[in-house]
file my_file10.cif (mmCIF, C-alpha atoms)
data_input
#
loop_
_atom_site.label_atom_id
_atom_site.label_comp_id
_atom_site.auth_asym_id
_atom_site.auth_seq_id
_atom_site.Cartn_x
_atom_site.Cartn_y
_atom_site.Cartn_z
CA MET A 65 16.84 2.17 -0.48
CA ARG A 66 18.75 4.24 2.04
CA GLU A 67 21.96 3.58 3.93
CA LEU A 68 21.49 3.68 7.71
CA ALA A 69 25.08 2.79 8.64
CA PRO A 70 28.09 1.39 6.79
CA ASP A 71 26.88 -1.70 4.85
CA VAL A 72 23.37 -1.43 6.32
CA TRP A 73 20.50 -0.41 4.05
CA GLN A 74 16.74 -0.13 4.59
CA LEU A 75 14.58 -0.85 1.56
CA ASP A 76 11.89 1.62 0.56
CA GLY A 77 8.30 0.63 1.31
CA PHE A 78 4.81 2.05 1.41
CA PRO A 79 3.69 3.15 3.89
CA ALA A 80 7.19 4.10 4.98
CA ASN A 81 8.63 2.00 7.84
CA SER A 82 5.52 -0.19 7.97
CA ILE A 83 7.08 -3.56 7.11
CA ASN A 84 10.84 -3.22 7.01
CA VAL A 85 13.34 -5.13 4.92
CA TYR A 86 17.10 -4.61 5.19
CA VAL A 87 20.36 -5.50 3.51
CA ILE A 88 23.43 -6.00 5.68
CA GLY A 89 26.56 -6.48 3.62
CA ASP A 90 25.57 -9.06 1.01
CA VAL A 91 22.65 -10.59 2.96
CA LEU A 92 18.98 -9.67 2.60
CA ILE A 93 17.20 -9.54 5.98
CA ASP A 94 13.49 -10.42 5.85
CA SER A 95 11.26 -10.12 2.78
CA GLY A 96 8.04 -8.53 3.99
CA SER A 97 4.56 -9.92 3.41
CA PRO A 98 3.42 -12.10 0.48
CA ILE A 99 2.62 -8.96 -1.55
CA ASP A 100 6.06 -7.36 -1.06
CA GLY A 101 8.07 -9.53 -3.42
CA GLY A 102 7.95 -7.07 -6.30
CA ARG A 103 9.20 -4.08 -4.34
CA VAL A 104 11.95 -6.15 -2.71
CA LEU A 105 13.19 -7.62 -5.98
CA LYS A 106 13.11 -4.25 -7.72
CA GLN A 107 15.50 -2.83 -5.14
CA VAL A 108 17.94 -5.72 -4.72
CA ARG A 109 17.98 -7.48 -8.08
CA ASP A 110 21.18 -5.70 -9.17
CA ARG A 111 22.98 -6.21 -5.86
CA ALA A 112 25.45 -9.04 -5.34
CA LEU A 113 23.67 -10.95 -2.57
CA SER A 114 24.90 -14.25 -1.17
CA ALA A 115 22.02 -15.19 1.14
CA HIS A 116 18.63 -14.28 2.54
CA ALA A 117 18.19 -14.41 6.33
CA LEU A 118 15.17 -13.87 8.57
CA THR A 119 14.65 -12.28 11.93
CA HIS A 120 11.72 -14.65 12.51
CA GLY A 121 9.17 -16.87 10.85
CA HIS A 122 6.06 -14.69 10.70
CA PHE A 123 4.17 -14.13 7.45
CA ASP A 124 5.03 -10.41 7.31
CA HIS A 125 8.75 -11.20 7.50
CA TYR A 126 9.10 -14.24 5.23
CA GLY A 127 5.99 -13.79 3.12
CA SER A 128 7.97 -13.14 -0.07
CA SER A 129 10.97 -15.30 0.78
CA ALA A 130 10.00 -18.16 -1.55
CA LYS A 131 9.77 -15.75 -4.49
CA VAL A 132 12.97 -13.90 -3.61
CA CYS A 133 14.99 -17.07 -3.04
CA ARG A 134 13.73 -18.63 -6.27
CA GLU A 135 14.31 -15.60 -8.50
CA LEU A 136 17.69 -14.63 -7.03
CA GLU A 137 18.83 -18.21 -6.33
CA LEU A 138 19.60 -17.43 -2.70
CA PRO A 139 19.78 -19.86 0.24
CA LEU A 140 17.45 -19.06 3.15
CA TRP A 141 18.71 -18.86 6.74
CA CYS A 142 16.59 -18.51 9.87
CA GLY A 143 16.63 -19.15 13.59
CA ALA A 144 16.83 -22.85 14.40
CA ASN A 145 13.54 -22.95 16.28
CA ASP A 146 11.63 -21.36 13.40
CA VAL A 147 12.89 -23.76 10.72
CA ARG A 148 10.00 -26.21 10.98
CA ALA A 149 7.35 -23.50 10.63
CA VAL A 150 9.07 -21.75 7.71
CA GLU A 151 9.59 -25.00 5.83
CA ALA A 152 5.86 -25.71 6.23
CA GLY A 153 4.72 -22.23 5.21
CA LYS A 154 3.28 -21.74 8.71
CA GLN A 155 4.01 -19.80 11.88
CA ILE A 156 3.83 -20.53 15.59
CA GLY A 157 0.92 -18.93 17.44
CA LEU A 158 -0.36 -18.88 21.00
CA GLY A 159 0.07 -22.13 22.86
CA ARG A 160 2.92 -22.87 20.44
CA ARG A 161 0.37 -24.16 17.95
CA THR A 162 1.31 -24.20 14.29
CA VAL A 163 -1.08 -21.86 12.50
CA SER A 164 -1.62 -20.49 8.99
CA GLY A 165 1.22 -18.48 7.51
CA MET A 166 -1.31 -16.05 6.02
CA GLY A 167 -0.20 -16.67 2.45
CA ALA A 168 3.49 -17.23 3.10
CA ARG A 169 4.79 -20.11 1.00
CA ALA A 170 6.97 -22.89 2.35
CA VAL A 171 10.70 -22.37 1.83
CA PRO A 172 13.52 -24.85 2.42
CA VAL A 173 15.98 -23.56 5.02
CA ALA A 174 19.64 -24.01 4.10
CA ARG A 175 21.11 -22.85 7.42
CA ALA A 176 19.67 -22.88 10.94
CA LEU A 177 21.01 -19.86 12.80
CA ARG A 178 22.09 -20.10 16.42
CA GLU A 179 23.48 -17.80 19.09
CA GLY A 180 26.94 -16.55 18.16
CA ASP A 181 26.78 -17.32 14.45
CA GLU A 182 28.16 -14.66 12.10
CA VAL A 183 26.10 -13.12 9.30
CA ALA A 184 27.69 -10.39 7.15
CA GLY A 185 29.78 -9.08 10.03
CA PHE A 186 26.91 -9.23 12.52
CA THR A 187 26.58 -11.64 15.44
CA VAL A 188 23.37 -13.66 15.71
CA LEU A 189 21.57 -13.22 19.03
CA ASP A 190 18.95 -15.75 20.09
CA VAL A 191 16.02 -13.61 21.30
CA PRO A 192 12.91 -15.84 21.39
CA GLY A 193 9.43 -14.98 22.57
CA HIS A 194 7.70 -13.27 19.65
CA SER A 195 8.54 -16.47 17.81
CA PRO A 196 10.41 -19.52 19.10
CA GLY A 197 13.34 -18.93 16.76
CA HIS A 198 13.47 -15.15 16.68
CA VAL A 199 16.99 -13.83 16.19
CA ALA A 200 18.52 -10.35 16.10
CA TYR A 201 21.70 -9.24 14.37
CA TRP A 202 24.25 -7.22 16.37
CA ARG A 203 27.39 -5.45 15.21
CA GLU A 204 29.29 -4.40 18.30
CA SER A 205 31.91 -2.30 16.49
CA ASP A 206 29.40 0.49 15.88
CA ARG A 207 26.55 -0.84 18.04
CA VAL A 208 24.06 -1.45 15.23
CA LEU A 209 21.14 -3.75 16.02
CA ILE A 210 18.70 -5.34 13.58
CA ALA A 211 16.02 -6.08 16.18
CA GLY A 212 13.16 -7.64 14.24
CA ASP A 213 9.95 -7.65 16.27
CA VAL A 214 11.32 -7.99 19.80
CA MET A 215 10.12 -4.38 20.07
CA TRP A 216 8.13 -2.35 17.57
CA GLY A 217 9.28 1.15 16.64
CA PHE A 218 5.62 2.13 16.40
CA ASN A 219 2.25 0.40 16.23
CA PRO A 220 2.23 -1.21 12.76
CA PHE A 221 -1.56 -1.24 12.67
CA THR A 222 -1.90 2.52 13.17
CA LEU A 223 1.56 3.52 11.82
CA ARG A 224 2.09 5.77 14.82
CA GLY A 225 2.81 5.75 18.50
CA ALA A 226 5.75 5.14 20.76
CA ILE A 227 8.19 2.25 20.86
CA ARG A 228 6.35 -0.71 22.34
CA GLU A 229 6.32 -4.46 22.68
CA PRO A 230 4.24 -6.48 20.19
CA TYR A 231 0.71 -7.22 21.35
CA PRO A 232 1.04 -10.22 23.71
CA ALA A 233 -1.59 -12.07 21.67
CA LEU A 234 0.85 -12.03 18.73
CA SER A 235 3.72 -13.60 20.69
CA PRO A 236 3.66 -17.28 21.66
CA ASP A 237 5.62 -16.38 24.80
CA ALA A 238 5.23 -12.69 25.67
CA GLY A 239 7.10 -13.12 28.95
CA ARG A 240 10.11 -14.59 27.20
CA ASN A 241 9.97 -11.81 24.63
CA ARG A 242 10.26 -9.24 27.44
CA ILE A 243 13.40 -11.00 28.66
CA SER A 244 14.75 -10.77 25.12
CA ALA A 245 13.88 -7.06 24.94
CA ARG A 246 15.74 -6.38 28.17
CA ARG A 247 18.75 -8.21 26.81
CA LEU A 248 18.78 -6.04 23.70
CA ALA A 249 18.31 -2.82 25.69
CA SER A 250 21.30 -3.77 27.86
CA LEU A 251 23.50 -3.65 24.75
CA ARG A 252 22.89 0.12 24.47
CA PRO A 253 22.59 0.07 20.66
CA GLU A 254 23.40 3.32 18.89
CA LEU A 255 21.09 2.35 16.03
CA VAL A 256 18.05 0.08 16.28
CA ALA A 257 16.47 -1.12 13.04
CA PHE A 258 12.99 -2.43 13.84
CA GLY A 259 10.79 -4.81 11.91
CA HIS A 260 8.08 -2.16 12.12
CA GLY A 261 8.77 1.53 12.68
CA PRO A 262 11.49 4.03 11.80
CA PRO A 263 15.11 3.38 12.77
CA LEU A 264 16.10 4.76 16.15
CA GLY A 265 19.43 6.39 16.98
CA ASP A 266 18.85 6.95 20.69
CA PRO A 267 19.92 4.21 23.14
CA ASP A 268 18.29 6.05 26.04
CA ALA A 269 14.90 6.10 24.30
CA PHE A 270 15.15 2.40 23.52
CA ALA A 271 16.13 1.55 27.10
CA ALA A 272 13.33 3.73 28.49
CA ALA A 273 10.73 1.99 26.34
CA VAL A 274 11.92 -1.44 27.45
CA ALA A 275 12.00 -0.33 31.08
CA LYS A 276 8.23 0.29 30.88
CA LEU A 277 7.50 -3.36 30.12
CA PRO A 278 5.65 -5.31 32.82
#
call {"tool": "encode", "arguments": {"input": "my_file10.cif", "output": "structure tokens"}}
result
Amino acid sequence: MRELAPDVWQLDGFPANSINVYVIGDVLIDSGSPIDGGRVLKQVRDRALSAHALTHGHFDHYGSSAKVCRELELPLWCGANDVRAVEAGKQIGLGRRTVSGMGARAVPVARALREGDEVAGFTVLDVPGHSPGHVAYWRESDRVLIAGDVMWGFNPFTLRGAIREPYPALSPDAGRNRISARRLASLRPELVAFGHGPPLGDPDAFAAAVAKLP
């Protein structure tokens, strides 16, 4: 686990930066895929955590949440419009159809997050598109952004490439996701922590990548 900014840590994973999990303050952000529970628990078991929150309800972000919440006795929080899918162990696909969660287990949601809520000193931003209830976490004091999958830091299937939007086929509303990306770029974050890809400390590079969107 490495510290990216005060009270912001990125958990180790293999391959590095492939499926990212973070801790902000005393809150675990995302849990990786269904096979990531062991590596997450190994790194956070001795930390004093109060909650587990999601960026969004896709299997590679809440796949181990049931295991983590059960073993650490943590409440789960997620964006209000992803609650139904997460509690069913599903995710929302194209056409807003509920589809398989690819092995993610159903988890009861203790708190539905909405725009403006506070989580460990970060403000919740409602940034839908890649999922209906996708949220980001923004700390204005030092301009740190936990962005989830609104943009990818690289292509998670090849583990390389430039900052890019998720494949439109993986977002129920790709057009809305682009609006969300532009909103995040307008914040001029000094540090962007992606769901996939290495952290970025260059607001110009992030803005330039978003400016290339259709």
call {"tool": "residues_around", "arguments": {"input": "my_file10.cif", "residues": "Cys133 of chain A", "least_positions_apart": "3", "cutoff": "10 Å", "atoms": "only C-alpha atoms", "output": "list in words"}}
result
Ser95, Ala115, His116, Ser128, Ser129, Ala130, Leu136, Glu137, Leu138, Pro139, Leu140, Val171 and Pro172 of chain A
call {"tool": "resolve_selection", "arguments": {"input": "my_file10.cif", "expression": "the PyMOL selection byres ((chain A and resi 83) around 7)", "output": "ChimeraX atom specification"}}
result
/A:81-82,84-85,96,259-260
call {"tool": "write_last_selection", "arguments": {"input": "my_file10.cif", "atoms": "C-alpha atoms", "output": "short mmCIF file (atom, residue, chain, number, x, y, z; two decimals), in the coordinates of the input"}}
result
data_model
loop_
_atom_site.label_atom_id
_atom_site.label_comp_id
_atom_site.auth_asym_id
_atom_site.auth_seq_id
_atom_site.Cartn_x
_atom_site.Cartn_y
_atom_site.Cartn_z
CA ASN A 81 8.63 2.00 7.84
CA SER A 82 5.52 -0.19 7.97
CA ASN A 84 10.84 -3.22 7.01
CA VAL A 85 13.34 -5.13 4.92
CA GLY A 96 8.04 -8.53 3.99
CA GLY A 259 10.79 -4.81 11.91
CA HIS A 260 8.08 -2.16 12.12
#
call {"tool": "resolve_selection", "arguments": {"input": "my_file10.cif", "expression": "the PyMOL selection byres ((chain A and resi 245) around 12)", "output": "PyMOL selection string"}}
result
chain A and resi 189-194+198-200+209+211-216+227-230+238-244+246-252+256+270-278
call {"tool": "closest_residue", "arguments": {"input": "my_file10.cif", "among": "A:Pro70, A:Gly153, A:Gly101, A:Gly167", "to": "Gly121 of chain A", "atoms": "all atoms listed in the file"}}
result
A:Gly153
call {"tool": "closest_residue", "arguments": {"input": "my_file10.cif", "among": "A:Glu254, A:Asp237, A:Asp146, A:Glu67", "to": "Gly197 of chain A", "atoms": "all atoms listed in the file"}}
result
A:Asp146
call {"tool": "resolve_selection", "arguments": {"input": "my_file10.cif", "expression": "the PyMOL selection byres ((chain A and resi 65) around 10)", "output": "PyMOL selection string"}}
result
chain A and resi 66-68+73-77+85-87+104+107-108
call {"tool": "atom_distance", "arguments": {"input": "my_file10.cif", "atom1": "atom CA of Ser195 of chain A", "atom2": "atom CA of Gly143 of chain A"}}
result
9.5 Å
call {"tool": "atom_distance", "arguments": {"input": "my_file10.cif", "atom1": "atom CA of Arg148 of chain A", "atom2": "atom CA of Pro196 of chain A"}}
result
10.5 Å
call {"tool": "closest_residue", "arguments": {"input": "my_file10.cif", "among": "A:Asp206, A:Glu151, A:Asp100, A:Asp266", "to": "Ala69 of chain A", "atoms": "all atoms listed in the file"}}
result
A:Asp206
call {"tool": "closest_residue", "arguments": {"input": "my_file10.cif", "among": "A:Val91, A:Cys142, A:Ala112, A:Val150", "to": "Ala170 of chain A", "atoms": "all atoms listed in the file"}}
result
A:Val150
call {"tool": "closest_residue", "arguments": {"input": "my_file10.cif", "among": "A:Val163, A:Ala80, A:Ile156, A:Ala168", "to": "Ile99 of chain A", "atoms": "only C-alpha atoms"}}
result
A:Ala168
call {"tool": "atom_distance", "arguments": {"input": "my_file10.cif", "atom1": "atom CA of Leu264 of chain A", "atom2": "atom CA of Pro220 of chain A"}}
result
15.5 Å
call {"tool": "closest_residue", "arguments": {"input": "my_file10.cif", "among": "A:Phe186, A:Ala149, A:Gly261, A:Glu204", "to": "Leu223 of chain A", "atoms": "all atoms listed in the file"}}
result
A:Gly261
call {"tool": "axis_aligned_box", "arguments": {"input": "my_file10.cif", "around": "segment 174-188 of chain A", "padding_each_side": "3 Å", "output": "JSON"}}
result
{"center_x": 24.7, "center_y": -16.5, "center_z": 11.6, "size_x": 16.1, "size_y": 20.9, "size_z": 21.0}
call {"tool": "residues_near_point", "arguments": {"input": "my_file10.cif", "point": "(27.8, -6.7, 5.2)", "cutoff": "7 Å", "atoms": "only C-alpha atoms", "output": "PyMOL selection string"}}
result
chain A and resi 71-72+88-91+184-185
call {"tool": "decode", "arguments": {"input": "my_file10.cif", "residues": "segment 134-256 of chain A", "atoms": "C-alpha atoms", "output": "PDB file, in the first residue's frame"}}
result
ATOM      1  CA  ARG A 134     -18.554  -9.562   6.306  1.00  0.00           C
ATOM      2  CA  GLU A 135     -15.027 -10.146   7.594  1.00  0.00           C
ATOM      3  CA  LEU A 136     -14.378  -6.565   8.717  1.00  0.00           C
ATOM      4  CA  GLU A 137     -17.974  -5.863   9.789  1.00  0.00           C
ATOM      5  CA  LEU A 138     -18.176  -2.732   7.656  1.00  0.00           C
ATOM      6  CA  PRO A 139     -21.300  -1.023   6.281  1.00  0.00           C
ATOM      7  CA  LEU A 140     -21.392  -0.609   2.501  1.00  0.00           C
ATOM      8  CA  TRP A 141     -22.126   2.747   0.859  1.00  0.00           C
ATOM      9  CA  CYS A 142     -22.692   3.390  -2.846  1.00  0.00           C
ATOM     10  CA  GLY A 143     -24.318   5.817  -5.239  1.00  0.00           C
ATOM     11  CA  ALA A 144     -28.089   5.900  -4.863  1.00  0.00           C
ATOM     12  CA  ASN A 145     -28.794   4.780  -8.416  1.00  0.00           C
ATOM     13  CA  ASP A 146     -26.549   1.722  -8.098  1.00  0.00           C
ATOM     14  CA  VAL A 147     -28.095   0.434  -4.863  1.00  0.00           C
ATOM     15  CA  ARG A 148     -30.621  -1.884  -6.512  1.00  0.00           C
ATOM     16  CA  ALA A 149     -27.994  -3.578  -8.692  1.00  0.00           C
ATOM     17  CA  VAL A 150     -25.472  -4.020  -5.868  1.00  0.00           C
ATOM     18  CA  GLU A 151     -28.079  -5.443  -3.513  1.00  0.00           C
ATOM     19  CA  ALA A 152     -28.986  -7.977  -6.218  1.00  0.00           C
ATOM     20  CA  GLY A 153     -25.399  -8.909  -7.058  1.00  0.00           C
ATOM     21  CA  LYS A 154     -25.919  -7.515 -10.564  1.00  0.00           C
ATOM     22  CA  GLN A 155     -24.876  -4.532 -12.660  1.00  0.00           C
ATOM     23  CA  ILE A 156     -26.585  -2.277 -15.185  1.00  0.00           C
ATOM     24  CA  GLY A 157     -25.642  -2.871 -18.822  1.00  0.00           C
ATOM     25  CA  LEU A 158     -26.590  -1.386 -22.165  1.00  0.00           C
ATOM     26  CA  GLY A 159     -30.206  -0.359 -22.448  1.00  0.00           C
ATOM     27  CA  ARG A 160     -30.171  -0.061 -18.650  1.00  0.00           C
ATOM     28  CA  ARG A 161     -30.824  -3.781 -18.419  1.00  0.00           C
ATOM     29  CA  THR A 162     -29.847  -5.576 -15.244  1.00  0.00           C
ATOM     30  CA  VAL A 163     -27.189  -8.122 -16.175  1.00  0.00           C
ATOM     31  CA  SER A 164     -24.945 -10.642 -14.427  1.00  0.00           C
ATOM     32  CA  GLY A 165     -22.525  -9.269 -11.868  1.00  0.00           C
ATOM     33  CA  MET A 166     -19.863 -11.698 -13.125  1.00  0.00           C
ATOM     34  CA  GLY A 167     -19.464 -13.404  -9.769  1.00  0.00           C
ATOM     35  CA  ALA A 168     -20.060 -10.393  -7.535  1.00  0.00           C
ATOM     36  CA  ARG A 169     -22.222 -11.353  -4.565  1.00  0.00           C
ATOM     37  CA  ALA A 170     -25.199  -9.333  -3.390  1.00  0.00           C
ATOM     38  CA  VAL A 171     -24.435  -6.909  -0.555  1.00  0.00           C
ATOM     39  CA  PRO A 172     -26.893  -4.886   1.525  1.00  0.00           C
ATOM     40  CA  VAL A 173     -26.274  -1.148   1.165  1.00  0.00           C
ATOM     41  CA  ALA A 174     -26.338   0.796   4.426  1.00  0.00           C
ATOM     42  CA  ARG A 175     -26.074   4.284   2.909  1.00  0.00           C
ATOM     43  CA  ALA A 176     -27.092   5.607  -0.504  1.00  0.00           C
ATOM     44  CA  LEU A 177     -24.646   8.325  -1.502  1.00  0.00           C
ATOM     45  CA  ARG A 178     -25.813  11.503  -3.197  1.00  0.00           C
ATOM     46  CA  GLU A 179     -24.279  14.685  -4.566  1.00  0.00           C
ATOM     47  CA  GLY A 180     -22.707  16.756  -1.802  1.00  0.00           C
ATOM     48  CA  ASP A 181     -22.458  14.008   0.810  1.00  0.00           C
ATOM     49  CA  GLU A 182     -19.223  13.862   2.810  1.00  0.00           C
ATOM     50  CA  VAL A 183     -17.046  10.743   2.978  1.00  0.00           C
ATOM     51  CA  ALA A 184     -13.795  10.887   4.972  1.00  0.00           C
ATOM     52  CA  GLY A 185     -13.237  14.549   4.153  1.00  0.00           C
ATOM     53  CA  PHE A 186     -14.151  14.132   0.485  1.00  0.00           C
ATOM     54  CA  THR A 187     -17.268  15.464  -1.233  1.00  0.00           C
ATOM     55  CA  VAL A 188     -19.386  13.010  -3.208  1.00  0.00           C
ATOM     56  CA  LEU A 189     -19.909  14.016  -6.841  1.00  0.00           C
ATOM     57  CA  ASP A 190     -22.721  12.431  -8.840  1.00  0.00           C
ATOM     58  CA  VAL A 191     -21.079  11.484 -12.163  1.00  0.00           C
ATOM     59  CA  PRO A 192     -23.345   8.939 -13.896  1.00  0.00           C
ATOM     60  CA  GLY A 193     -22.949   7.368 -17.302  1.00  0.00           C
ATOM     61  CA  HIS A 194     -20.569   4.439 -16.862  1.00  0.00           C
ATOM     62  CA  SER A 195     -23.131   3.270 -14.325  1.00  0.00           C
ATOM     63  CA  PRO A 196     -26.354   4.987 -13.260  1.00  0.00           C
ATOM     64  CA  GLY A 197     -25.058   5.616  -9.748  1.00  0.00           C
ATOM     65  CA  HIS A 198     -21.396   6.280 -10.417  1.00  0.00           C
ATOM     66  CA  VAL A 199     -19.880   8.710  -7.924  1.00  0.00           C
ATOM     67  CA  ALA A 200     -16.456  10.325  -7.553  1.00  0.00           C
ATOM     68  CA  TYR A 201     -14.818  11.629  -4.397  1.00  0.00           C
ATOM     69  CA  TRP A 202     -13.337  15.142  -4.440  1.00  0.00           C
ATOM     70  CA  ARG A 203     -11.217  16.919  -1.847  1.00  0.00           C
ATOM     71  CA  GLU A 204     -10.975  20.543  -2.884  1.00  0.00           C
ATOM     72  CA  SER A 205      -8.387  21.554  -0.274  1.00  0.00           C
ATOM     73  CA  ASP A 206      -5.612  19.792  -2.200  1.00  0.00           C
ATOM     74  CA  ARG A 207      -7.573  18.972  -5.372  1.00  0.00           C
ATOM     75  CA  VAL A 208      -7.479  15.195  -5.032  1.00  0.00           C
ATOM     76  CA  LEU A 209     -10.001  13.237  -7.101  1.00  0.00           C
ATOM     77  CA  ILE A 210     -10.955   9.576  -6.775  1.00  0.00           C
ATOM     78  CA  ALA A 211     -12.447   9.274 -10.256  1.00  0.00           C
ATOM     79  CA  GLY A 212     -13.519   5.650 -10.570  1.00  0.00           C
ATOM     80  CA  ASP A 213     -14.178   4.706 -14.189  1.00  0.00           C
ATOM     81  CA  VAL A 214     -15.410   8.009 -15.594  1.00  0.00           C
ATOM     82  CA  MET A 215     -12.053   7.928 -17.387  1.00  0.00           C
ATOM     83  CA  TRP A 216      -9.482   5.141 -17.484  1.00  0.00           C
ATOM     84  CA  GLY A 217      -5.831   5.923 -16.800  1.00  0.00           C
ATOM     85  CA  PHE A 218      -4.938   3.283 -19.384  1.00  0.00           C
ATOM     86  CA  ASN A 219      -6.664   0.460 -21.231  1.00  0.00           C
ATOM     87  CA  PRO A 220      -7.283  -2.159 -18.508  1.00  0.00           C
ATOM     88  CA  PHE A 221      -7.401  -4.961 -21.063  1.00  0.00           C
ATOM     89  CA  THR A 222      -3.930  -4.246 -22.453  1.00  0.00           C
ATOM     90  CA  LEU A 223      -2.500  -2.498 -19.346  1.00  0.00           C
ATOM     91  CA  ARG A 224      -1.121   0.271 -21.523  1.00  0.00           C
ATOM     92  CA  GLY A 225      -2.108   3.267 -23.561  1.00  0.00           C
ATOM     93  CA  ALA A 226      -3.212   6.808 -22.945  1.00  0.00           C
ATOM     94  CA  ILE A 227      -5.942   8.161 -20.696  1.00  0.00           C
ATOM     95  CA  ARG A 228      -9.245   7.343 -22.357  1.00  0.00           C
ATOM     96  CA  GLU A 229     -12.951   6.929 -21.804  1.00  0.00           C
ATOM     97  CA  PRO A 230     -14.292   3.426 -21.097  1.00  0.00           C
ATOM     98  CA  TYR A 231     -15.423   1.540 -24.175  1.00  0.00           C
ATOM     99  CA  PRO A 232     -18.934   2.872 -24.926  1.00  0.00           C
ATOM    100  CA  ALA A 233     -20.250  -0.705 -24.947  1.00  0.00           C
ATOM    101  CA  LEU A 234     -19.348  -0.915 -21.247  1.00  0.00           C
ATOM    102  CA  SER A 235     -21.295   2.211 -20.264  1.00  0.00           C
ATOM    103  CA  PRO A 236     -25.103   2.218 -20.176  1.00  0.00           C
ATOM    104  CA  ASP A 237     -25.015   5.898 -21.176  1.00  0.00           C
ATOM    105  CA  ALA A 238     -21.708   6.805 -22.842  1.00  0.00           C
ATOM    106  CA  GLY A 239     -22.950  10.294 -23.716  1.00  0.00           C
ATOM    107  CA  ARG A 240     -23.791  11.037 -20.105  1.00  0.00           C
ATOM    108  CA  ASN A 241     -20.434   9.666 -19.037  1.00  0.00           C
ATOM    109  CA  ARG A 242     -18.706  12.188 -21.317  1.00  0.00           C
ATOM    110  CA  ILE A 243     -20.624  14.988 -19.603  1.00  0.00           C
ATOM    111  CA  SER A 244     -19.412  13.612 -16.276  1.00  0.00           C
ATOM    112  CA  ALA A 245     -15.825  13.474 -17.563  1.00  0.00           C
ATOM    113  CA  ARG A 246     -15.973  17.101 -18.639  1.00  0.00           C
ATOM    114  CA  ARG A 247     -17.271  18.057 -15.228  1.00  0.00           C
ATOM    115  CA  LEU A 248     -14.346  16.336 -13.532  1.00  0.00           C
ATOM    116  CA  ALA A 249     -11.796  17.871 -15.920  1.00  0.00           C
ATOM    117  CA  SER A 250     -13.202  21.332 -15.138  1.00  0.00           C
ATOM    118  CA  LEU A 251     -12.176  20.842 -11.497  1.00  0.00           C
ATOM    119  CA  ARG A 252      -8.500  20.833 -12.542  1.00  0.00           C
ATOM    120  CA  PRO A 253      -7.527  18.040 -10.117  1.00  0.00           C
ATOM    121  CA  GLU A 254      -3.894  17.964  -9.036  1.00  0.00           C
ATOM    122  CA  LEU A 255      -4.136  14.210  -8.461  1.00  0.00           C
ATOM    123  CA  VAL A 256      -6.487  11.818 -10.254  1.00  0.00           C
TER     124      VAL A 256
END
